[in-house]
Amino acid sequence: MTAHANSAHVRDVTTAEFLSAVVERSRETPVLVDFWAAWCGPCRALGPILEKLATEYSGGFELVKIDTEKEPALATQFQIRSIPTVTLFKDGAALTGFQGALPEGRIRAFLAQHGIEVGGATQTVLSDDPVERVAQLRAAMSATPTRDSLKLELALALLATGALDEAARMLEVLPSTMYLDPKAVRARARLALQRRADGETNDARHAAAVRMVLDGDRVAGLEQLLELLREERHDEESPARAALVEAFQVIEDDALVRDWRRRMAAVLF
């Protein structure tokens, strides 16, 4: 990685690092990507301005520099036809950008247009109480309605309060770029499990087993679901099989999930 003066908010990124350093990071804070090359005069003029602003804004955005000579795959992926090209990523997706060595005043206006301020957005400390957390997230969404990550957090908070229908609506309006986000996958699985626990399977044993998983008694719940799967293993639409898959998506213990996936496979195959 090339060193930059005052580089706390500036970094060079390779193709291998791009997903985590840009796409995933932009779900937390805006990321400005500068596609440049050492031989490019306008790039050398623009670079110091962007680095100065990244330092001045102190977390309002992060600046990622992509050397198109060293990372041609990224330049091809984003169809970079001239440099410098600057692209703004927010909430996991490329939002907009500009080409050429713009003067500092126009870059400041560009940042302001997209809600990027010195010091970044105030980080709200979310309450542990689900009802209060929902209220906090609604207020944050009113202030920044384009932040899709807030919609996902609100969906999770709504699930914790039992507002399943509204949580489902929030999950439905997430952009396709967030569909496979681990939190989104977990939220959809939790929604399905909570509906099962509320009796939508019309089977009290299934509901009780799922409730165990949701309430933290994971092993007991999985044991009950596996026993139900033994009874249903010839049923292509086995509720127990579907509930086990959803439980695996909700449980954040990789070793436990691997163990129970093996047990499930032993029953099925």
# chains A, B, ... in the order shown; residues from 1 in each chain; ligands from 1
$ residues_around --residues "stretch 57-71 of chain A" --least-positions-apart "6" --cutoff "10 Å" --atoms "only C-alpha atoms" --output "number ranges by chain"
A: 2, 7-16, 18, 21-22, 25-26, 28-39, 47, 50-51, 80, 83-90, 111, 115-122
$ select_by_dssp --residues "stretch 26-257 of chain A" --states "strand (DSSP E or B)" --output "list in words"
Val31, Leu32, Val33, Asp34, Phe35, Trp36, Glu62, Leu63, Val64, Lys65, Ile66, Asp67, Thr85, Val86, Thr87, Leu88, Phe89, Lys90, Ala93, Ala94, Leu95, Thr96, Gly97, Phe98 and Gln99 of chain A
$ residues_around --residues "A:Ala187" --least-positions-apart "6" --cutoff "12 Å" --atoms "only C-alpha atoms" --output "PyMOL selection string"
chain A and resi 151-160+164+167-172+174+178-181+193-194+246-247+249-251
$ select_by_dssp --residues "stretch 73-176 of chain A" --states "alpha helix (DSSP H)" --output "number ranges by chain"
A: 73-77, 104-113, 130-143, 148-161, 164-172
$ write_last_selection --atoms "C-alpha atoms" --output "PDB file, in the first residue's frame"
ATOM      1  CA  ALA A  73      -9.464  -5.413 -13.837  1.00  0.00           C
ATOM      2  CA  LEU A  74     -11.186  -2.811 -11.663  1.00  0.00           C
ATOM      3  CA  ALA A  75     -10.823  -0.163 -14.360  1.00  0.00           C
ATOM      4  CA  THR A  76     -12.472  -2.541 -16.827  1.00  0.00           C
ATOM      5  CA  GLN A  77     -15.210  -3.547 -14.392  1.00  0.00           C
ATOM      6  CA  GLU A 104     -11.754  22.250  -4.761  1.00  0.00           C
ATOM      7  CA  GLY A 105     -14.925  24.371  -4.546  1.00  0.00           C
ATOM      8  CA  ARG A 106     -16.803  22.141  -6.971  1.00  0.00           C
ATOM      9  CA  ILE A 107     -15.693  19.012  -5.131  1.00  0.00           C
ATOM     10  CA  ARG A 108     -16.959  20.493  -1.859  1.00  0.00           C
ATOM     11  CA  ALA A 109     -20.284  21.231  -3.576  1.00  0.00           C
ATOM     12  CA  PHE A 110     -20.402  17.643  -4.882  1.00  0.00           C
ATOM     13  CA  LEU A 111     -19.863  16.296  -1.363  1.00  0.00           C
ATOM     14  CA  ALA A 112     -22.506  18.604   0.104  1.00  0.00           C
ATOM     15  CA  GLN A 113     -24.978  17.604  -2.608  1.00  0.00           C
ATOM     16  CA  PRO A 130     -36.240  -2.765  20.640  1.00  0.00           C
ATOM     17  CA  VAL A 131     -39.086  -0.233  20.815  1.00  0.00           C
ATOM     18  CA  GLU A 132     -36.707   2.658  21.479  1.00  0.00           C
ATOM     19  CA  ARG A 133     -34.367   1.363  18.777  1.00  0.00           C
ATOM     20  CA  VAL A 134     -37.207   1.407  16.244  1.00  0.00           C
ATOM     21  CA  ALA A 135     -37.963   5.041  17.127  1.00  0.00           C
ATOM     22  CA  GLN A 136     -34.289   6.003  16.809  1.00  0.00           C
ATOM     23  CA  LEU A 137     -33.974   4.326  13.424  1.00  0.00           C
ATOM     24  CA  ARG A 138     -37.158   5.962  12.123  1.00  0.00           C
ATOM     25  CA  ALA A 139     -35.703   9.346  13.081  1.00  0.00           C
ATOM     26  CA  ALA A 140     -32.383   8.530  11.402  1.00  0.00           C
ATOM     27  CA  MET A 141     -34.191   7.438   8.232  1.00  0.00           C
ATOM     28  CA  SER A 142     -36.139  10.699   8.158  1.00  0.00           C
ATOM     29  CA  ALA A 143     -32.840  12.577   8.230  1.00  0.00           C
ATOM     30  CA  ASP A 148     -30.501   1.586   2.708  1.00  0.00           C
ATOM     31  CA  SER A 149     -28.434   0.222   5.601  1.00  0.00           C
ATOM     32  CA  LEU A 150     -30.846   2.001   7.965  1.00  0.00           C
ATOM     33  CA  LYS A 151     -33.773   0.198   6.351  1.00  0.00           C
ATOM     34  CA  LEU A 152     -32.094  -3.106   7.092  1.00  0.00           C
ATOM     35  CA  GLU A 153     -31.383  -2.119  10.690  1.00  0.00           C
ATOM     36  CA  LEU A 154     -35.002  -0.990  11.073  1.00  0.00           C
ATOM     37  CA  ALA A 155     -36.242  -4.315   9.716  1.00  0.00           C
ATOM     38  CA  LEU A 156     -34.164  -6.135  12.330  1.00  0.00           C
ATOM     39  CA  ALA A 157     -35.458  -3.885  15.092  1.00  0.00           C
ATOM     40  CA  LEU A 158     -39.043  -4.367  13.953  1.00  0.00           C
ATOM     41  CA  LEU A 159     -38.550  -8.126  14.052  1.00  0.00           C
ATOM     42  CA  ALA A 160     -37.451  -7.807  17.671  1.00  0.00           C
ATOM     43  CA  THR A 161     -40.709  -5.998  18.504  1.00  0.00           C
ATOM     44  CA  LEU A 164     -43.461  -8.858  11.283  1.00  0.00           C
ATOM     45  CA  ASP A 165     -45.511  -7.362   8.450  1.00  0.00           C
ATOM     46  CA  GLU A 166     -43.716  -4.015   8.545  1.00  0.00           C
ATOM     47  CA  ALA A 167     -40.357  -5.778   8.841  1.00  0.00           C
ATOM     48  CA  ALA A 168     -41.235  -7.782   5.737  1.00  0.00           C
ATOM     49  CA  ARG A 169     -42.082  -4.587   3.847  1.00  0.00           C
ATOM     50  CA  MET A 170     -38.746  -3.035   4.811  1.00  0.00           C
ATOM     51  CA  LEU A 171     -36.879  -6.112   3.589  1.00  0.00           C
ATOM     52  CA  GLU A 172     -38.793  -6.034   0.300  1.00  0.00           C
TER      53      GLU A 172
END
$ atom_distance --atom1 "atom CA of A:Glu231" --atom2 "atom CA of A:Ala255"
25.9 Å
$ closest_residue --among "A:Glu56, A:Ser82, A:Glu252, A:Val245" --to "A:Pro182" --atoms "only C-alpha atoms"
A:Glu252
$ atom_distance --atom1 "atom CA of A:Leu191" --atom2 "atom CA of A:Val267"
25.8 Å
$ closest_residue --among "A:Ile49, A:Leu126, A:Asp91, A:Ala207" --to "A:Pro175" --atoms "only C-alpha atoms"
A:Asp91
$ closest_residue --among "A:Arg196, A:His234, A:His114, A:Arg218" --to "A:Leu256" --atoms "only C-alpha atoms"
A:Arg218
$ atom_distance --atom1 "atom CA of A:Ala184" --atom2 "atom CA of A:Ala242"
17.6 Å
$ closest_residue --among "A:Cys40, A:Ala45, A:Leu268, A:Val213" --to "A:Asp235" --atoms "only C-alpha atoms"
A:Leu268
